[in-house]
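Below is the file query03.cif, which contains mmCIF, C-alpha atoms.
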```cif
data_structure
loop_
_atom_site.label_atom_id
_atom_site.label_comp_id
_atom_site.auth_asym_id
_atom_site.auth_seq_id
_atom_site.Cartn_x
_atom_site.Cartn_y
_atom_site.Cartn_z
CA MET I 1 43.71 -85.69 22.71
CA ALA I 2 41.48 -82.96 24.14
CA HIS I 3 39.61 -85.49 26.28
CA ASP I 4 42.82 -86.87 27.77
CA ALA I 5 44.15 -83.37 28.51
CA LEU I 6 40.87 -82.35 30.09
CA GLN I 7 40.71 -85.49 32.22
CA GLY I 8 44.25 -84.95 33.48
CA TRP I 9 43.47 -81.32 34.32
CA LEU I 10 40.30 -82.23 36.22
CA ASP I 11 42.02 -85.06 38.10
CA LYS I 12 44.85 -82.78 39.19
CA HIS I 13 42.97 -79.67 40.25
CA PHE I 14 39.34 -80.53 40.88
CA ALA I 15 39.05 -84.18 41.91
CA PRO I 16 40.78 -83.41 45.25
CA LEU I 17 38.03 -80.90 46.04
CA PHE I 18 35.44 -83.65 45.87
CA GLU I 19 37.61 -86.06 47.81
CA ARG I 20 38.02 -83.53 50.63
CA GLY I 21 34.35 -82.59 50.51
CA GLU I 22 35.14 -78.92 49.93
CA ARG I 23 32.49 -76.53 48.59
CA PRO I 24 34.38 -73.58 47.09
CA THR I 25 32.53 -70.48 45.96
CA LEU I 26 32.16 -69.59 42.30
CA ARG I 27 34.86 -66.96 42.80
CA ASP I 28 37.23 -69.59 44.21
CA LEU I 29 36.49 -71.94 41.32
CA SER I 30 36.98 -69.16 38.78
CA ASN I 31 40.33 -68.17 40.28
CA LEU I 32 41.47 -71.80 40.33
CA MET I 33 40.50 -72.24 36.69
CA THR I 34 42.26 -69.01 35.69
CA GLN I 35 45.45 -70.10 37.45
CA SER I 36 45.46 -73.63 36.05
CA ARG I 37 43.62 -73.58 32.72
CA SER I 38 46.86 -72.97 30.83
CA GLU I 39 47.85 -76.58 31.58
CA PHE I 40 44.78 -77.88 29.74
CA LEU I 41 44.58 -75.29 26.95
CA GLY I 42 48.35 -75.30 26.45
CA ALA I 43 48.30 -79.08 25.96
CA CYS I 44 45.42 -78.76 23.48
CA LEU I 45 47.17 -76.00 21.55
CA ASN I 46 50.43 -77.92 21.46
CA SER I 47 48.72 -81.04 20.14
CA LEU I 48 46.73 -79.12 17.56
CA GLY I 49 49.89 -77.44 16.31
CA GLU I 50 51.67 -80.77 16.00
CA LYS I 51 48.72 -82.31 14.15
CA LEU I 52 48.06 -79.45 11.74
CA HIS I 53 51.79 -78.99 10.99
CA GLU I 54 52.72 -82.65 11.03
CA ALA I 55 54.44 -82.43 7.64
CA ASP I 56 56.47 -79.39 8.69
CA LEU I 57 57.57 -80.99 11.97
CA ASP I 58 58.51 -84.29 10.27
CA GLN I 59 60.31 -82.64 7.35
CA GLN I 60 63.49 -84.51 6.28
CA TRP I 61 64.81 -82.23 3.52
CA ALA I 62 64.71 -78.46 3.01
CA ALA I 63 66.25 -75.98 0.59
CA CYS I 64 68.79 -73.70 2.24
CA ASP I 65 67.32 -70.21 2.27
CA GLN I 66 70.75 -68.70 1.51
CA CYS I 67 72.20 -70.85 -1.27
CA GLY I 68 69.15 -72.94 -2.25
CA LYS I 69 70.92 -76.29 -1.98
CA PRO I 70 68.94 -79.27 -0.59
CA THR I 71 69.85 -79.91 3.03
CA ARG I 72 69.11 -82.97 5.12
CA ARG I 73 67.64 -82.68 8.60
CA LYS I 74 70.34 -82.70 11.26
CA ARG I 75 68.27 -83.08 14.44
CA LEU I 76 65.08 -82.09 16.27
CA ASP I 77 65.27 -79.00 18.48
CA ALA I 78 62.83 -78.36 21.27
CA LYS I 79 61.42 -74.84 21.67
CA ASP I 80 59.44 -73.68 24.68
CA VAL I 81 56.51 -71.50 23.68
CA SER I 82 54.17 -69.46 25.81
CA THR I 83 50.82 -68.31 24.42
CA MET I 84 47.64 -66.83 25.81
CA GLN I 85 46.38 -70.40 26.13
CA GLY I 86 49.36 -71.74 28.04
CA ARG I 87 52.87 -73.07 27.70
CA GLY I 88 54.11 -75.98 25.63
CA THR I 89 57.12 -77.42 23.85
CA LEU I 90 57.47 -77.99 20.12
CA SER I 91 60.11 -80.24 18.59
CA ARG I 92 60.93 -78.96 15.14
CA PRO I 93 63.58 -80.07 12.64
CA TYR I 94 66.90 -78.27 12.44
CA PHE I 95 68.81 -78.08 9.15
CA TYR I 96 72.42 -77.09 8.66
CA CYS I 97 73.89 -76.24 5.26
CA LYS I 98 77.60 -77.07 5.32
CA PRO I 99 78.60 -75.14 2.15
CA CYS I 100 77.40 -71.79 3.55
CA GLY I 101 77.51 -72.63 7.26
CA HIS I 102 73.88 -71.68 7.77
CA GLY I 103 71.50 -73.36 10.22
CA PHE I 104 67.73 -72.84 10.23
CA HIS I 105 64.34 -74.17 11.41
CA PRO I 106 61.89 -73.92 8.46
CA ALA I 107 58.94 -75.07 10.61
CA ASP I 108 59.22 -71.79 12.52
CA ASP I 109 58.02 -69.98 9.40
CA ALA I 110 55.02 -72.24 8.94
CA LEU I 111 54.04 -71.95 12.61
CA GLY I 112 54.74 -68.22 12.76
CA LEU I 113 56.89 -68.60 15.86
CA ALA I 114 58.46 -65.63 17.59
CA ARG I 115 62.08 -65.86 18.61
CA GLN I 116 61.07 -65.18 22.20
CA VAL I 117 59.32 -67.70 24.43
CA HIS I 118 56.27 -65.43 24.69
CA GLN I 119 54.57 -65.60 21.33
CA PHE I 120 53.00 -62.82 19.29
CA ASP I 121 49.51 -63.14 20.81
CA ILE I 122 50.99 -62.37 24.24
CA GLN I 123 53.25 -59.65 22.86
CA GLU I 124 50.37 -57.82 21.18
CA ARG I 125 48.27 -57.69 24.33
CA ALA I 126 51.20 -56.90 26.61
CA VAL I 127 52.15 -53.90 24.45
CA ALA I 128 48.58 -52.57 24.41
CA LEU I 129 48.45 -52.79 28.21
CA ALA I 130 51.93 -51.34 28.76
CA ALA I 131 50.95 -48.37 26.60
CA GLU I 132 48.32 -47.48 29.19
CA VAL I 133 49.98 -48.09 32.57
CA PRO I 134 53.56 -48.30 33.93
CA PHE I 135 55.54 -51.40 32.98
CA ASP I 136 55.55 -52.87 36.49
CA THR I 137 51.80 -52.41 36.76
CA SER I 138 51.17 -53.80 33.28
CA ALA I 139 53.07 -57.01 34.08
CA GLN I 140 51.14 -57.46 37.33
CA LEU I 141 47.78 -56.76 35.70
CA PHE I 142 48.55 -59.04 32.78
CA GLU I 143 49.18 -62.00 35.07
CA HIS I 144 46.21 -61.16 37.30
CA LEU I 145 43.78 -60.91 34.37
CA THR I 146 45.05 -63.71 32.15
CA GLY I 147 46.97 -66.12 34.36
CA VAL I 148 49.99 -65.70 32.07
CA SER I 149 53.15 -64.47 33.76
CA VAL I 150 55.17 -61.80 31.93
CA GLY I 151 57.84 -59.57 33.42
CA ASN I 152 58.04 -55.80 33.38
CA HIS I 153 61.27 -56.00 31.37
CA PHE I 154 59.47 -58.03 28.69
CA CYS I 155 56.65 -55.44 28.53
CA HIS I 156 59.19 -52.63 28.31
CA GLU I 157 61.37 -54.16 25.61
CA THR I 158 58.47 -55.39 23.48
CA LEU I 159 56.68 -52.04 23.53
CA LEU I 160 59.84 -50.23 22.46
CA ALA I 161 60.39 -52.78 19.69
CA VAL I 162 56.86 -52.23 18.38
CA GLY I 163 57.25 -48.47 18.77
CA GLY I 164 60.47 -48.69 16.79
CA VAL I 165 58.58 -49.78 13.65
CA ALA I 166 55.57 -47.48 14.28
CA THR I 167 56.36 -44.98 11.54
CA LEU I 168 54.09 -42.08 10.67
CA ASP I 169 53.07 -43.85 7.47
CA LEU I 170 51.70 -46.79 9.50
CA VAL I 171 50.29 -44.89 12.47
CA VAL I 172 48.23 -42.43 10.41
CA PRO I 173 45.16 -43.92 8.66
CA SER I 174 45.48 -44.41 4.92
CA HIS I 175 43.79 -42.25 2.31
CA LYS I 176 41.10 -44.89 1.90
CA GLU I 177 40.43 -45.12 5.64
CA ILE I 178 40.17 -41.33 5.98
CA GLU I 179 37.94 -41.15 2.91
CA GLN I 180 35.62 -43.75 4.44
CA ARG I 181 35.32 -41.88 7.75
CA ILE I 182 34.55 -38.64 5.91
CA ALA I 183 31.90 -40.40 3.84
CA GLU I 184 30.27 -41.80 6.98
CA VAL I 185 30.00 -38.34 8.54
CA SER I 186 28.83 -36.79 5.26
CA ALA I 187 25.99 -39.31 5.03
CA LEU I 188 24.55 -37.97 8.29
CA SER I 189 24.14 -34.44 6.85
CA PRO I 190 23.43 -34.71 3.11
CA GLY I 191 24.03 -31.56 1.13
CA GLU I 192 26.51 -30.07 3.61
CA LEU I 193 30.22 -30.70 3.67
CA PRO I 194 31.46 -31.86 7.09
CA ILE I 195 33.94 -29.73 9.01
CA LEU I 196 37.45 -31.14 9.30
CA VAL I 197 39.46 -29.59 12.12
CA VAL I 198 43.24 -29.41 12.01
CA THR I 199 44.72 -28.36 15.33
CA ALA I 200 48.30 -28.40 16.58
CA ASP I 201 50.29 -27.62 19.69
CA GLY I 202 53.36 -28.54 21.68
CA ALA I 203 53.57 -30.19 25.10
CA HIS I 204 56.68 -30.61 27.21
CA GLN I 205 57.81 -34.12 28.15
CA PRO I 206 60.39 -35.17 30.78
CA LEU I 207 63.56 -36.40 29.06
CA ARG I 208 66.92 -37.50 30.42
CA PRO I 209 70.30 -38.06 28.75
CA GLN I 210 71.62 -41.52 27.95
CA GLY I 211 73.69 -42.80 30.87
CA LYS I 212 76.20 -45.60 31.19
CA ARG I 213 75.43 -48.59 33.36
CA ASP I 214 76.01 -47.97 37.08
CA GLN I 215 76.74 -44.28 36.48
CA PRO I 216 74.61 -41.19 37.14
CA ARG I 217 72.35 -40.35 34.22
CA GLY I 218 72.61 -36.61 34.57
CA GLU I 219 69.95 -33.99 35.06
CA GLY I 220 66.70 -34.41 33.18
CA GLU I 221 64.95 -31.58 31.40
CA TYR I 222 61.71 -30.98 29.56
CA HIS I 223 61.55 -31.00 25.76
CA GLU I 224 58.60 -30.10 23.60
CA ALA I 225 56.68 -32.84 21.83
CA LYS I 226 55.13 -31.20 18.78
CA GLY I 227 51.91 -32.79 17.65
CA PHE I 228 48.71 -32.40 15.69
CA ARG I 229 45.23 -33.78 15.85
CA ILE I 230 42.87 -33.98 12.88
CA PHE I 231 39.22 -34.83 13.39
CA LEU I 232 35.73 -34.37 11.99
CA LEU I 233 32.89 -32.60 13.76
CA GLY I 234 29.81 -34.81 13.86
CA ALA I 235 26.34 -34.28 15.26
CA ASP I 236 26.24 -32.27 18.49
CA ASP I 237 29.92 -31.37 17.97
CA ARG I 238 30.91 -35.00 18.49
CA ILE I 239 34.54 -35.65 17.58
CA ILE I 240 35.30 -38.34 14.99
CA GLN I 241 39.02 -39.01 15.22
CA LEU I 242 41.07 -39.15 12.04
CA ALA I 243 44.73 -38.80 12.93
CA SER I 244 47.04 -37.82 15.77
CA TRP I 245 50.82 -37.73 15.74
CA HIS I 246 53.01 -36.52 18.61
CA GLN I 247 56.80 -36.66 18.72
CA VAL I 248 59.71 -34.86 20.30
CA GLN I 249 60.83 -33.31 17.02
CA ASP I 250 61.89 -30.07 15.42
CA ALA I 251 59.67 -27.78 13.35
CA ALA I 252 60.90 -29.28 10.06
CA ALA I 253 59.96 -32.83 11.06
CA PHE I 254 56.60 -31.57 12.31
CA ARG I 255 55.97 -29.92 8.94
CA ASP I 256 56.90 -33.09 7.03
CA ALA I 257 54.53 -35.15 9.18
CA LEU I 258 51.57 -32.83 8.71
CA SER I 259 52.29 -32.63 4.96
CA LEU I 260 52.08 -36.41 4.65
CA VAL I 261 48.68 -36.50 6.34
CA ALA I 262 47.42 -33.56 4.29
CA GLU I 263 48.14 -35.55 1.12
CA ARG I 264 45.74 -38.25 2.30
CA ILE I 265 42.77 -35.89 2.65
CA ASP I 266 40.52 -34.91 -0.26
CA ARG I 267 40.09 -31.17 0.28
CA ASP I 268 36.93 -30.89 -1.83
CA THR I 269 34.97 -33.23 0.45
CA VAL I 270 35.30 -31.17 3.64
CA ARG I 271 35.34 -27.65 5.05
CA ILE I 272 38.65 -27.17 6.84
CA ALA I 273 39.23 -25.29 10.07
CA LEU I 274 42.76 -24.55 11.30
CA VAL I 275 42.82 -23.95 15.07
CA ALA I 276 45.88 -23.15 17.18
CA ASP I 277 47.37 -20.61 19.57
CA GLY I 278 49.64 -17.83 18.36
CA ALA I 279 52.85 -19.84 17.80
CA PRO I 280 54.23 -18.72 14.39
CA TYR I 281 55.74 -22.13 13.46
CA LEU I 282 52.33 -23.77 13.88
CA TRP I 283 50.60 -21.34 11.55
CA SER I 284 53.29 -21.38 8.90
CA THR I 285 53.05 -25.17 8.75
CA MET I 286 49.27 -25.47 8.96
CA THR I 287 48.56 -22.87 6.29
CA ALA I 288 51.20 -24.36 3.99
CA CYS I 289 49.69 -27.85 4.30
CA PHE I 290 46.05 -26.68 4.18
CA PRO I 291 46.03 -23.39 2.23
CA CYS I 292 42.23 -23.53 1.83
CA GLY I 293 41.61 -23.89 5.58
CA ARG I 294 39.97 -21.18 7.68
CA PRO I 295 42.52 -19.96 10.27
CA ILE I 296 41.06 -19.59 13.78
CA LEU I 297 42.98 -18.24 16.74
CA ASP I 298 42.15 -20.26 19.84
CA TYR I 299 39.65 -18.07 21.72
CA TYR I 300 40.75 -19.15 25.18
CA HIS I 301 44.40 -18.55 24.39
CA CYS I 302 43.45 -15.06 23.27
CA ALA I 303 41.35 -14.55 26.41
CA GLU I 304 44.32 -15.49 28.59
CA HIS I 305 46.33 -12.64 27.08
CA ILE I 306 43.51 -10.19 27.76
CA HIS I 307 43.09 -11.27 31.39
CA LEU I 308 46.85 -10.99 31.91
CA VAL I 309 46.72 -7.35 30.79
CA ALA I 310 43.67 -6.76 33.00
CA ARG I 311 45.49 -8.09 36.08
CA THR I 312 48.66 -6.07 35.47
CA GLN I 313 46.64 -2.91 34.79
CA TYR I 314 43.77 -3.17 37.30
CA GLY I 315 44.85 -5.90 39.71
CA THR I 316 42.22 -8.38 40.86
CA SER I 317 39.41 -5.82 41.16
CA PHE I 318 35.93 -6.09 39.71
CA LEU I 319 37.00 -3.39 37.25
CA ALA I 320 39.64 -5.75 35.85
CA GLN I 321 36.98 -8.38 35.18
CA GLN I 322 34.63 -5.85 33.57
CA TRP I 323 37.40 -4.49 31.36
CA ALA I 324 38.48 -7.97 30.22
CA GLU I 325 34.91 -9.08 29.43
CA ALA I 326 34.25 -5.92 27.42
CA LEU I 327 37.43 -6.46 25.40
CA LYS I 328 36.56 -10.12 24.74
CA ALA I 329 33.10 -9.06 23.56
CA ARG I 330 34.64 -6.75 20.99
CA LEU I 331 36.87 -9.53 19.70
CA TRP I 332 33.98 -12.01 19.64
CA LEU I 333 32.20 -9.64 17.26
CA GLY I 334 35.32 -9.38 15.10
CA ASN I 335 36.19 -5.79 15.97
CA VAL I 336 39.94 -6.29 16.08
CA GLN I 337 40.89 -2.80 14.94
CA GLY I 338 38.59 -1.23 17.55
CA THR I 339 40.16 -3.40 20.23
CA ILE I 340 43.67 -2.35 19.19
CA ALA I 341 42.61 1.31 19.16
CA HIS I 342 41.17 0.97 22.64
CA LEU I 343 44.40 -0.62 23.93
CA ARG I 344 46.46 2.21 22.48
CA GLY I 345 44.34 4.66 24.44
CA VAL I 346 44.83 2.88 27.77
CA LYS I 347 47.19 4.71 30.10
CA PRO I 348 49.45 2.07 31.71
CA GLN I 349 49.47 1.99 35.50
CA ASN I 350 53.02 0.63 35.67
CA THR I 351 55.93 -0.61 33.57
CA LYS I 352 54.71 -4.20 33.52
CA ALA I 353 51.24 -3.15 32.37
CA LYS I 354 52.82 -1.07 29.60
CA ASP I 355 54.83 -4.08 28.41
CA GLU I 356 51.83 -6.44 28.48
CA ILE I 357 49.62 -3.96 26.61
CA ARG I 358 52.29 -3.67 23.92
CA LYS I 359 52.50 -7.47 23.64
CA LEU I 360 48.72 -7.81 23.34
CA ILE I 361 48.58 -5.17 20.59
CA ASN I 362 51.26 -7.01 18.60
CA TYR I 363 49.53 -10.33 19.26
CA LEU I 364 46.20 -9.05 17.92
CA ARG I 365 47.83 -7.34 14.95
CA ASN I 366 49.68 -10.51 13.95
CA ASN I 367 46.54 -12.66 14.27
CA LYS I 368 43.81 -10.27 13.11
CA ASP I 369 42.93 -12.48 10.10
CA LYS I 370 42.23 -15.40 12.47
CA ILE I 371 39.65 -13.63 14.67
CA ASP I 372 36.01 -13.90 13.58
CA TYR I 373 34.45 -15.87 16.40
CA ALA I 374 30.79 -14.90 15.88
CA ARG I 375 30.91 -15.98 12.23
CA ASN I 376 32.64 -19.23 13.14
CA LYS I 377 29.98 -19.99 15.73
CA ALA I 378 27.17 -19.27 13.28
CA GLU I 379 28.64 -21.56 10.63
CA GLY I 380 29.48 -24.43 12.97
CA PHE I 381 33.25 -23.93 13.07
CA PRO I 382 35.12 -24.38 16.36
CA ASN I 383 36.64 -21.41 18.15
CA ALA I 384 38.95 -23.24 20.55
CA SER I 385 41.59 -25.96 20.54
CA GLY I 386 40.36 -27.90 23.57
CA ALA I 387 40.45 -31.12 21.54
CA MET I 388 44.18 -30.64 21.05
CA GLU I 389 44.72 -29.96 24.74
CA SER I 390 42.88 -33.20 25.48
CA ALA I 391 45.11 -35.05 23.02
CA ASN I 392 48.23 -33.68 24.72
CA LYS I 393 46.95 -34.92 28.07
CA PHE I 394 45.59 -38.26 26.87
CA LEU I 395 48.38 -39.26 24.49
CA GLY I 396 51.30 -37.74 26.35
CA HIS I 397 50.82 -36.62 29.91
CA THR I 398 48.81 -39.55 31.32
CA ARG I 399 51.51 -42.06 30.33
CA ILE I 400 54.70 -40.05 29.92
CA LYS I 401 54.38 -37.51 32.75
CA ARG I 402 54.12 -39.88 35.69
CA SER I 403 55.60 -39.24 39.09
CA GLY I 404 59.38 -39.69 38.95
CA ALA I 405 59.38 -40.76 35.29
CA TRP I 406 62.18 -39.59 32.97
CA TRP I 407 62.52 -40.89 29.42
CA LEU I 408 65.18 -41.20 26.78
CA GLU I 409 64.00 -39.21 23.77
CA GLU I 410 63.89 -42.29 21.57
CA ASN I 411 61.86 -44.28 24.11
CA CYS I 412 59.47 -41.37 24.64
CA ASN I 413 58.82 -41.12 20.90
CA GLU I 414 58.27 -44.87 20.62
CA MET I 415 55.72 -44.77 23.43
CA LEU I 416 53.97 -41.79 21.83
CA ALA I 417 53.87 -43.57 18.46
CA VAL I 418 52.24 -46.67 19.96
CA ARG I 419 49.67 -44.59 21.85
CA CYS I 420 48.86 -42.62 18.70
CA ALA I 421 48.38 -45.88 16.78
CA ILE I 422 45.95 -47.16 19.42
CA TYR I 423 44.03 -43.90 19.39
CA ASN I 424 43.99 -43.70 15.57
CA GLY I 425 42.73 -47.28 15.27
CA THR I 426 45.85 -48.44 13.42
CA PHE I 427 47.55 -50.49 16.15
CA ASP I 428 46.72 -53.82 14.45
CA ARG I 429 48.50 -52.68 11.29
CA VAL I 430 51.51 -51.48 13.27
CA PHE I 431 51.77 -54.75 15.16
CA ASP I 432 51.41 -56.80 11.96
CA HIS I 433 54.33 -54.83 10.52
CA TYR I 434 56.35 -55.48 13.67
CA ARG I 435 55.57 -59.20 13.50
CA ALA I 436 56.54 -59.39 9.83
CA SER I 437 59.80 -57.52 10.50
CA GLN I 438 61.02 -60.01 13.14
CA PRO I 439 63.66 -62.64 12.22
CA LYS I 440 61.65 -65.62 11.04
CA ARG I 441 64.05 -68.43 11.83
CA THR I 442 65.84 -69.20 15.03
#
```
What would you get if you wrote out this structure as structure tokens?
Amino acid sequence: MAHDALQGWLDKHFAPLFERGERPTLRDLSNLMTQSRSEFLGACLNSLGEKLHEADLDQQWAACDQCGKPTRRKRLDAKDVSTMQGRGTLSRPYFYCKPCGHGFHPADDALGLARQVHQFDIQERAVALAAEVPFDTSAQLFEHLTGVSVGNHFCHETLLAVGGVATLDLVVPSHKEIEQRIAEVSALSPGELPILVVTADGAHQPLRPQGKRDQPRGEGEYHEAKGFRIFLLGADDRIIQLASWHQVQDAAAFRDALSLVAERIDRDTVRIALVADGAPYLWSTMTACFPCGRPILDYYHCAEHIHLVARTQYGTSFLAQQWAEALKARLWLGNVQGTIAHLRGVKPQNTKAKDEIRKLINYLRNNKDKIDYARNKAEGFPNASGAMESANKFLGHTRIKRSGAWWLEENCNEMLAVRCAIYNGTFDRVFDHYRASQPKRT
């Protein structure tokens, strides 16, 4: 079978080259093979499937999967299938149960066929690619790299279908997986518990309202995608990813999500650092989920507040820079009360400066228990949430915030869920769940 398919492929595409005396380059030959190999490999795959599932494809009787009564084969139905190896046609038996009016193809279960022409091997790769680049580009790249033609609509619909089953429970690694990653990091530094960092933030994403076909969709607006990133600090502050989850959601849903992940982490195997900016909803959630964690106010977020006061009070002069650096030095050494006292003694130059000084005093007072940067540095704890900023950019902005792109909230969340699964290393599990959830018989 394979020999005949190979001979036919060679005769069709390569024998003419010899007959015409052409001498194509290796690149030309490679491109020709990429464009045409599906004819050979598709024929091989089709024949192998028919041989290995001969009994399923020749089946004469089957029990109805609704009423259980024996049903005789009614006819053979042809199904076009497209795989990474090529296209083919399978003729499989169709059964129709008259008592319950139910028709089915039991061979589809045995072969694991998707309802669509493009089978699950194509779907899995198309989704992974579409999660990285726009749908039009993903379809073009897919055909260019594989020789298999898929449309942008197929990439779009399949990704959203996979994202629709990508629940938090599937996207976040299991307790066992997290435990294993912690053990691997712990083995590198025996006798010292590794540092687990919990950081959270929000990032605005471009959303639009649902519109009817051929009617204006309405003005788009930005909504906050609340997310968290949990990771371990390895040697040389190397980040070992554990879990990320970003969604356009309210504070309650964010809290529920972080609580679920917290339950999968053994607190006595790690030292926990909680890092975020000054948003109250972040701290109330993080401290509730990880009460034993060390709260750390993001140093750079704090520094931004100080520099804002310096600009409103002293303008862009060298004095403004000196004043800001001196204030940051006090905070770095943990002298929060001294910093607040100094701010109270500053005579505002204008109304705006007075307002910003007041805000900074309240900000420091509300977060005084989260400022001990020198101690954190000495003990190996992080002082900034740059890893969370990177997650916002990598998981959200690079794919969601593209020029001219506006998303339905549901579609945005499905894209974010798929990207989180890829980044968390759980995409295979998510896709397996999607495959198992599809209708099995057509």
field: All residues 9 Å or closer to range 375-384 of chain I, all atoms listed in the file, same chain fewer than 4 positions away omitted, as a PyMOL selection string
entry: chain I and resi 195+197+233+237+272-273+275-277+296-301+332-334
Kindly export the residues of the current selection with C-alpha atoms, as a short mmCIF file (atom, residue, chain, number, x, y, z; two decimals), in the frame of the given file.
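File result.cif, as written:
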```cif
data_model
loop_
_atom_site.label_atom_id
_atom_site.label_comp_id
_atom_site.auth_asym_id
_atom_site.auth_seq_id
_atom_site.Cartn_x
_atom_site.Cartn_y
_atom_site.Cartn_z
CA ILE I 195 33.94 -29.73 9.01
CA VAL I 197 39.46 -29.59 12.12
CA LEU I 233 32.89 -32.60 13.76
CA ASP I 237 29.92 -31.37 17.97
CA ILE I 272 38.65 -27.17 6.84
CA ALA I 273 39.23 -25.29 10.07
CA VAL I 275 42.82 -23.95 15.07
CA ALA I 276 45.88 -23.15 17.18
CA ASP I 277 47.37 -20.61 19.57
CA ILE I 296 41.06 -19.59 13.78
CA LEU I 297 42.98 -18.24 16.74
CA ASP I 298 42.15 -20.26 19.84
CA TYR I 299 39.65 -18.07 21.72
CA TYR I 300 40.75 -19.15 25.18
CA HIS I 301 44.40 -18.55 24.39
CA TRP I 332 33.98 -12.01 19.64
CA LEU I 333 32.20 -9.64 17.26
CA GLY I 334 35.32 -9.38 15.10
#
```
- request: For the structure shown, which residues end up in the PyMOL selection byres ((chain I and resi 6) around 10)? Put them as a ChimeraX atom specification, please?
  value: /I:1-5,7-12,37,39-41,43-44
task: For the file shown, report as a PyMOL selection string the outcome of the PyMOL selection byres ((chain I and resi 402) around 12) at residue level.
output: chain I and resi 132-135+205-206+393+396-401+403-407
field: Test item: the PyMOL selection byres ((chain I and resi 370) around 7) resolved as a ChimeraX atom specification
entry: /I:295-297,367-369,371-372
Those residues with C-alpha atoms, as an mmCIF file, in the frame of the given file please?
```cif
data_model
loop_
_atom_site.group_PDB
_atom_site.id
_atom_site.type_symbol
_atom_site.label_atom_id
_atom_site.label_comp_id
_atom_site.auth_asym_id
_atom_site.auth_seq_id
_atom_site.Cartn_x
_atom_site.Cartn_y
_atom_site.Cartn_z
ATOM 1 C CA PRO I 295 42.520 -19.960 10.270
ATOM 2 C CA ILE I 296 41.060 -19.590 13.780
ATOM 3 C CA LEU I 297 42.980 -18.240 16.740
ATOM 4 C CA ASN I 367 46.540 -12.660 14.270
ATOM 5 C CA LYS I 368 43.810 -10.270 13.110
ATOM 6 C CA ASP I 369 42.930 -12.480 10.100
ATOM 7 C CA ILE I 371 39.650 -13.630 14.670
ATOM 8 C CA ASP I 372 36.010 -13.900 13.580
#
```
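With all atoms listed in the file as the atoms that count, the minimum distance from Ala63 in chain I to the choices I:His102, I:Val172, I:Thr89, I:Leu48 is reached by I:His102.
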field: Point-to-point distance from CA of Val248 in chain I to CA of Ala436 in chain I, Å rounded to tenths
entry: 26.9 Å
field: Radius query 10 Å about (56.8, -39.9, 21.2), atoms used: only C-alpha atoms, as a PyMOL selection string
entry: chain I and resi 163+205+225-227+245-249+395-396+400+409-420
Residues just named, written with C-alpha atoms as a PDB file, in the frame of the given file:
```pdb
ATOM      1  CA  GLY I 163      57.250 -48.470  18.770  1.00  0.00           C
ATOM      2  CA  GLN I 205      57.810 -34.120  28.150  1.00  0.00           C
ATOM      3  CA  ALA I 225      56.680 -32.840  21.830  1.00  0.00           C
ATOM      4  CA  LYS I 226      55.130 -31.200  18.780  1.00  0.00           C
ATOM      5  CA  GLY I 227      51.910 -32.790  17.650  1.00  0.00           C
ATOM      6  CA  TRP I 245      50.820 -37.730  15.740  1.00  0.00           C
ATOM      7  CA  HIS I 246      53.010 -36.520  18.610  1.00  0.00           C
ATOM      8  CA  GLN I 247      56.800 -36.660  18.720  1.00  0.00           C
ATOM      9  CA  VAL I 248      59.710 -34.860  20.300  1.00  0.00           C
ATOM     10  CA  GLN I 249      60.830 -33.310  17.020  1.00  0.00           C
ATOM     11  CA  LEU I 395      48.380 -39.260  24.490  1.00  0.00           C
ATOM     12  CA  GLY I 396      51.300 -37.740  26.350  1.00  0.00           C
ATOM     13  CA  ILE I 400      54.700 -40.050  29.920  1.00  0.00           C
ATOM     14  CA  GLU I 409      64.000 -39.210  23.770  1.00  0.00           C
ATOM     15  CA  GLU I 410      63.890 -42.290  21.570  1.00  0.00           C
ATOM     16  CA  ASN I 411      61.860 -44.280  24.110  1.00  0.00           C
ATOM     17  CA  CYS I 412      59.470 -41.370  24.640  1.00  0.00           C
ATOM     18  CA  ASN I 413      58.820 -41.120  20.900  1.00  0.00           C
ATOM     19  CA  GLU I 414      58.270 -44.870  20.620  1.00  0.00           C
ATOM     20  CA  MET I 415      55.720 -44.770  23.430  1.00  0.00           C
ATOM     21  CA  LEU I 416      53.970 -41.790  21.830  1.00  0.00           C
ATOM     22  CA  ALA I 417      53.870 -43.570  18.460  1.00  0.00           C
ATOM     23  CA  VAL I 418      52.240 -46.670  19.960  1.00  0.00           C
ATOM     24  CA  ARG I 419      49.670 -44.590  21.850  1.00  0.00           C
ATOM     25  CA  CYS I 420      48.860 -42.620  18.700  1.00  0.00           C
TER      26      CYS I 420
END
```
Any chance you could build range 261-265 of chain I out to N, CA and C atoms and write it as a PDB file, in the coordinates of the input?
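Wrote selection.pdb, looks like this:
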```pdb
ATOM      1  N   VAL I 261      50.101 -36.269   6.041  1.00  0.00           N
ATOM      2  CA  VAL I 261      48.680 -36.500   6.340  1.00  0.00           C
ATOM      3  C   VAL I 261      47.802 -35.669   5.425  1.00  0.00           C
ATOM      4  N   ALA I 262      48.212 -34.431   5.155  1.00  0.00           N
ATOM      5  CA  ALA I 262      47.420 -33.560   4.290  1.00  0.00           C
ATOM      6  C   ALA I 262      47.224 -34.178   2.902  1.00  0.00           C
ATOM      7  N   GLU I 263      48.232 -34.910   2.429  1.00  0.00           N
ATOM      8  CA  GLU I 263      48.140 -35.550   1.120  1.00  0.00           C
ATOM      9  C   GLU I 263      47.098 -36.664   1.085  1.00  0.00           C
ATOM     10  N   ARG I 264      46.711 -37.147   2.242  1.00  0.00           N
ATOM     11  CA  ARG I 264      45.740 -38.250   2.300  1.00  0.00           C
ATOM     12  C   ARG I 264      44.302 -37.767   2.458  1.00  0.00           C
ATOM     13  N   ILE I 265      44.097 -36.462   2.441  1.00  0.00           N
ATOM     14  CA  ILE I 265      42.770 -35.890   2.650  1.00  0.00           C
ATOM     15  C   ILE I 265      42.303 -35.200   1.374  1.00  0.00           C
TER      16      ILE I 265
END
```
